[in-house]
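*Asks:* What follows is the file coords30.json, containing JSON, C-alpha atoms:
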```json
[["chain", "number", "residue", "atom", "x", "y", "z"],
["A", 86, "MET", "CA", 8.64, -5.70, -11.15],
["A", 87, "GLU", "CA", 10.23, -7.30, -8.10],
["A", 88, "GLY", "CA", 9.68, -10.99, -7.71],
["A", 89, "GLY", "CA", 9.74, -11.54, -11.47],
["A", 90, "THR", "CA", 6.04, -10.81, -11.83],
["A", 91, "ASP", "CA", 5.34, -9.01, -15.09],
["A", 92, "PRO", "CA", 1.89, -7.36, -14.96],
["A", 93, "GLU", "CA", 1.68, -7.58, -18.75],
["A", 94, "HIS", "CA", 1.42, -11.37, -18.54],
["A", 95, "ILE", "CA", -0.66, -11.72, -15.38],
["A", 96, "ARG", "CA", -4.31, -12.61, -15.75],
["A", 97, "ASP", "CA", -5.43, -11.73, -12.23],
["A", 98, "TYR", "CA", -4.31, -8.95, -9.89],
["A", 99, "ARG", "CA", -4.16, -11.50, -7.05],
["A", 100, "ASP", "CA", -1.07, -12.93, -8.73],
["A", 101, "LEU", "CA", 0.80, -9.64, -8.44],
["A", 102, "ARG", "CA", 3.42, -9.73, -5.67],
["A", 103, "ILE", "CA", 2.82, -6.03, -5.01],
["A", 104, "TRP", "CA", -0.89, -6.65, -4.36],
["A", 105, "GLN", "CA", -0.09, -9.63, -2.11],
["A", 106, "ASP", "CA", 2.34, -7.52, -0.07],
["A", 107, "ALA", "CA", -0.20, -4.70, 0.19],
["A", 108, "MET", "CA", -2.82, -7.15, 1.45],
["A", 109, "GLU", "CA", -0.43, -8.55, 4.06],
["A", 110, "LEU", "CA", 0.31, -5.02, 5.23],
["A", 111, "ALA", "CA", -3.42, -4.25, 5.53],
["A", 112, "GLU", "CA", -3.94, -7.45, 7.53],
["A", 113, "GLU", "CA", -1.19, -6.45, 9.94],
["A", 114, "ILE", "CA", -2.63, -2.95, 10.30],
["A", 115, "TYR", "CA", -6.01, -4.49, 11.18],
["A", 116, "ARG", "CA", -4.35, -6.72, 13.78],
["A", 117, "ILE", "CA", -2.30, -3.98, 15.42],
["A", 118, "THR", "CA", -5.18, -1.49, 15.55],
["A", 119, "THR", "CA", -7.39, -3.93, 17.46],
["A", 120, "GLY", "CA", -5.18, -3.06, 20.41],
["A", 121, "PHE", "CA", -5.72, 0.68, 20.08],
["A", 122, "PRO", "CA", -7.91, 2.38, 22.70],
["A", 123, "ARG", "CA", -11.64, 2.33, 22.12],
["A", 124, "GLU", "CA", -11.79, 6.09, 21.73],
["A", 125, "GLU", "CA", -9.61, 5.74, 18.61],
["A", 126, "VAL", "CA", -12.17, 3.59, 16.77],
["A", 127, "TYR", "CA", -13.37, 6.54, 14.69],
["A", 128, "GLY", "CA", -9.98, 8.23, 14.71],
["A", 129, "MET", "CA", -6.62, 6.61, 14.18],
["A", 130, "THR", "CA", -7.94, 3.04, 13.94],
["A", 131, "SER", "CA", -10.34, 3.94, 11.15],
["A", 132, "GLN", "CA", -7.82, 6.13, 9.32],
["A", 133, "MET", "CA", -5.07, 3.50, 9.37],
["A", 134, "ARG", "CA", -7.37, 0.73, 8.25],
["A", 135, "ARG", "CA", -8.86, 2.80, 5.47],
["A", 136, "SER", "CA", -5.52, 3.95, 4.07],
["A", 137, "SER", "CA", -3.96, 0.47, 4.27],
["A", 138, "VAL", "CA", -6.88, -1.13, 2.45],
["A", 139, "SER", "CA", -6.81, 1.63, -0.15],
["A", 140, "ILE", "CA", -3.31, 0.62, -1.25],
["A", 141, "ALA", "CA", -4.29, -2.91, -2.26],
["A", 142, "ALA", "CA", -7.70, -1.82, -3.54],
["A", 143, "ASN", "CA", -6.21, 0.74, -5.91],
["A", 144, "ILE", "CA", -3.67, -1.74, -7.25],
["A", 145, "ALA", "CA", -6.54, -4.14, -7.96],
["A", 146, "GLU", "CA", -8.78, -1.48, -9.46],
["A", 147, "GLY", "CA", -6.05, -0.14, -11.71],
["A", 148, "PHE", "CA", -5.17, -3.62, -12.92],
["A", 149, "GLY", "CA", -8.83, -4.29, -13.61],
["A", 150, "ARG", "CA", -9.12, -1.22, -15.85],
["A", 151, "ASP", "CA", -7.09, -3.20, -18.39],
["A", 152, "GLN", "CA", -5.35, -0.09, -19.70],
["A", 153, "ARG", "CA", -1.76, 0.77, -18.89],
["A", 154, "ARG", "CA", -2.43, 4.50, -18.34],
["A", 155, "SER", "CA", -5.31, 3.76, -15.97],
["A", 156, "PHE", "CA", -3.18, 1.26, -14.09],
["A", 157, "ILE", "CA", -0.45, 3.89, -13.66],
["A", 158, "HIS", "CA", -3.05, 6.38, -12.41],
["A", 159, "TYR", "CA", -4.33, 3.97, -9.76],
["A", 160, "LEU", "CA", -0.81, 2.98, -8.75],
["A", 161, "ARG", "CA", -0.16, 6.67, -8.06],
["A", 162, "ILE", "CA", -3.28, 6.80, -5.91],
["A", 163, "ALA", "CA", -1.96, 3.74, -4.06],
["A", 164, "GLN", "CA", 1.29, 5.66, -3.49],
["A", 165, "GLY", "CA", -0.69, 8.48, -1.91],
["A", 166, "SER", "CA", -2.51, 6.05, 0.37],
["A", 167, "LEU", "CA", 0.84, 4.53, 1.34],
["A", 168, "LYS", "CA", 2.19, 7.96, 2.32],
["A", 169, "GLU", "CA", -0.98, 8.60, 4.30],
["A", 170, "LEU", "CA", -0.50, 5.30, 6.14],
["A", 171, "GLU", "CA", 3.16, 6.13, 6.85],
["A", 172, "THR", "CA", 2.03, 9.39, 8.43],
["A", 173, "HIS", "CA", -0.55, 7.61, 10.61],
["A", 174, "ILE", "CA", 2.07, 5.10, 11.73],
["A", 175, "GLU", "CA", 4.49, 7.89, 12.66],
["A", 176, "LEU", "CA", 1.81, 9.79, 14.58],
["A", 177, "SER", "CA", 0.69, 6.59, 16.34],
["A", 178, "LYS", "CA", 4.26, 6.10, 17.51],
["A", 179, "ARG", "CA", 4.60, 9.73, 18.64],
["A", 180, "VAL", "CA", 1.41, 9.67, 20.72],
["A", 181, "GLY", "CA", 2.11, 6.25, 22.23],
["A", 182, "LEU", "CA", -0.48, 4.17, 20.39],
["A", 183, "MET", "CA", 2.21, 2.05, 18.74],
["A", 184, "ALA", "CA", 5.52, 0.84, 20.14],
["A", 185, "GLU", "CA", 8.62, 2.23, 18.46],
["A", 186, "LYS", "CA", 9.78, -1.24, 17.35],
["A", 187, "VAL", "CA", 6.41, -2.04, 15.77],
["A", 188, "ALA", "CA", 6.36, 1.34, 14.01],
["A", 189, "GLY", "CA", 9.90, 0.70, 12.78],
["A", 190, "ASP", "CA", 8.90, -2.68, 11.38],
["A", 191, "PHE", "CA", 5.96, -1.08, 9.58],
["A", 192, "ALA", "CA", 8.25, 1.65, 8.25],
["A", 193, "LEU", "CA", 10.49, -0.96, 6.64],
["A", 194, "ARG", "CA", 7.50, -2.67, 5.07],
["A", 195, "THR", "CA", 6.01, 0.55, 3.73],
["A", 196, "GLU", "CA", 9.40, 1.60, 2.35],
["A", 197, "ARG", "CA", 9.70, -1.71, 0.49],
["A", 198, "LEU", "CA", 6.17, -1.43, -0.85],
["A", 199, "GLY", "CA", 6.85, 2.15, -1.95],
["A", 200, "LYS", "CA", 9.91, 1.00, -3.88],
["A", 201, "MET", "CA", 7.85, -1.70, -5.56],
["A", 202, "LEU", "CA", 5.18, 0.83, -6.53],
["A", 203, "ARG", "CA", 7.74, 3.25, -7.97],
["A", 204, "ALA", "CA", 9.47, 0.48, -9.92],
["A", 205, "LEU", "CA", 6.19, -0.78, -11.39],
["A", 206, "ILE", "CA", 5.10, 2.74, -12.34],
["A", 207, "ARG", "CA", 8.45, 3.40, -14.05],
["A", 208, "LYS", "CA", 8.23, 0.10, -15.93],
["A", 209, "LEU", "CA", 4.69, 0.78, -17.13],
["A", 210, "GLU", "CA", 5.52, 4.37, -18.05],
["A", 211, "ALA", "CA", 8.47, 3.19, -20.13],
["A", 212, "LYS", "CA", 6.20, 0.80, -22.02],
["A", 213, "GLU", "CA", 3.66, 3.58, -22.52],
["A", 214, "GLY", "CA", 6.30, 6.11, -23.60],
["A", 215, "ILE", "CA", 5.52, 8.42, -20.66],
["A", 216, "GLU", "CA", 8.34, 10.51, -19.20]]
```
So, in terms of structure tokens, how does the structure I just supplied come out?

*Replies:*
Amino acid sequence: MEGGTDPEHIRDYRDLRIWQDAMELAEEIYRITTGFPREEVYGMTSQMRRSSVSIAANIAEGFGRDQRRSFIHYLRIAQGSLKELETHIELSKRVGLMAEKVAGDFALRTERLGKMLRALIRKLEAKEGIE
């Protein structure tokens, strides 16, 4: 995995670089959505926060299952939440809730996190003998 962190030798999910990056992304989503209009509290604000938190939460939950196949399963769920968040970011930009530059910065971060997720899944699948 990127950053030299091998999940096979990590004792706590908090030590995983991928989880740390997912948490930082969720923090930034919380910060940016505080500036969204009040009428979006139960709409875009809630959706973006929920999907961003789901990424880190699923990484943690999968790691905590202490089985490689379960970890892979939860990493795939995290991938789905990441794609959901990317869609919310794009829509927020299109409807004027988020500046284009901010959305672009988030797009770079989500792309990097997506690459990390794919790399970790491939690594774990190889160890598990999954094609």

*Asks:* With only C-alpha atoms as the atoms that count, which of A:Arg179, A:Arg123, A:His173, A:Arg197 lies nearest to Ala107 in chain A?

*Replies:* A:Arg197

*Asks:* Hey, can you check how far CA of Ala188 in chain A sits from CA of Ala142 in chain A?

*Replies:*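 Calculated distance between CA of Ala188 in chain A and CA of Ala142 in chain A is 22.7 Å.
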
*Asks:* Check the smallest atom-to-atom distance from each of A:Arg203, A:Lys178, A:Lys186, A:Arg134 to Thr119 in chain A using all atoms listed in the file, then report the winner.

*Replies:*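 Ranked by minimum distance to Thr119 in chain A, first place goes to A:Arg134.
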
*Asks:* So, counting only C-alpha atoms, which residue among A:Glu210, A:Ala163, A:Glu169, A:Ala145 is closest to Gln105 in chain A?

*Replies:*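 Comparing A:Glu210, A:Ala163, A:Glu169, A:Ala145 against Gln105 in chain A, the winner is A:Ala145.
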
*Asks:* Residues proximal to (-3.4, 5.4, -1.1) were defined as those with any atom within 8 Å of that point in the file's coordinates, counting all atoms listed in the file. Which are they, as a list of chain:residue names?

*Replies:* A:Ser136, A:Ser137, A:Ser139, A:Ile140, A:Asn143, A:Arg161, A:Ile162, A:Ala163, A:Gln164, A:Gly165, A:Ser166, A:Leu167, A:Lys168, A:Glu169, A:Leu170

*Asks:* Given only C-alpha atoms as the basis, pick out the residue of A:Val138, A:Glu196, A:Ile174, A:Arg207 nearest to His158 in chain A.

*Replies:*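 Smallest distance to His158 in chain A is found for A:Arg207.
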
*Asks:* For a test of reading the model, state the distance in Å between CA of Val187 in chain A and CA of Ile114 in chain A, rounded to one decimal.

*Replies:*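 Interatomic distance here is 10.6 Å.
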
*Asks:* What is the CA of Glu185 in chain A to CA of Met108 in chain A distance in Å?

*Replies:* 22.5 Å

*Asks:* Nearest residue to Thr130 in chain A out of A:Arg150, A:Ser177, A:Lys208, A:Trp104, using only C-alpha atoms?

*Replies:* A:Ser177

*Asks:* Quick one: everything within 10 Å of Tyr98 in chain A, counting only C-alpha atoms, minus sequence neighbours fewer than 6 positions away in the same chain. Send it as number ranges by chain.

*Replies:* A: 92, 104-105, 141, 144-149

*Asks:* Those same residues - C-alpha atoms - I'd like them written as a short mmCIF file (atom, residue, chain, number, x, y, z; two decimals), keeping the file's coordinate frame.

*Replies:*
```cif
data_model
loop_
_atom_site.label_atom_id
_atom_site.label_comp_id
_atom_site.auth_asym_id
_atom_site.auth_seq_id
_atom_site.Cartn_x
_atom_site.Cartn_y
_atom_site.Cartn_z
CA PRO A 92 1.89 -7.36 -14.96
CA TRP A 104 -0.89 -6.65 -4.36
CA GLN A 105 -0.09 -9.63 -2.11
CA ALA A 141 -4.29 -2.91 -2.26
CA ILE A 144 -3.67 -1.74 -7.25
CA ALA A 145 -6.54 -4.14 -7.96
CA GLU A 146 -8.78 -1.48 -9.46
CA GLY A 147 -6.05 -0.14 -11.71
CA PHE A 148 -5.17 -3.62 -12.92
CA GLY A 149 -8.83 -4.29 -13.61
#
```

*Asks:* Taking all atoms listed in the file into account, name the residue in A:Asp151, A:Met129, A:Asp100, A:Glu171 that is nearest to Gly199 in chain A.

*Replies:*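 Under the stated criterion, the closest residue is A:Glu171.
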
*Asks:* Box for range 188-199 of chain A: with edges along x, y and z, all listed atoms inside and 5 Å added on each side, what are the centre and edge lengths in Å to one decimal, as JSON?

*Replies:*
```
{"center_x": 8.2, "center_y": -0.3, "center_z": 6.0, "size_x": 14.5, "size_y": 14.8, "size_z": 26.0}
```
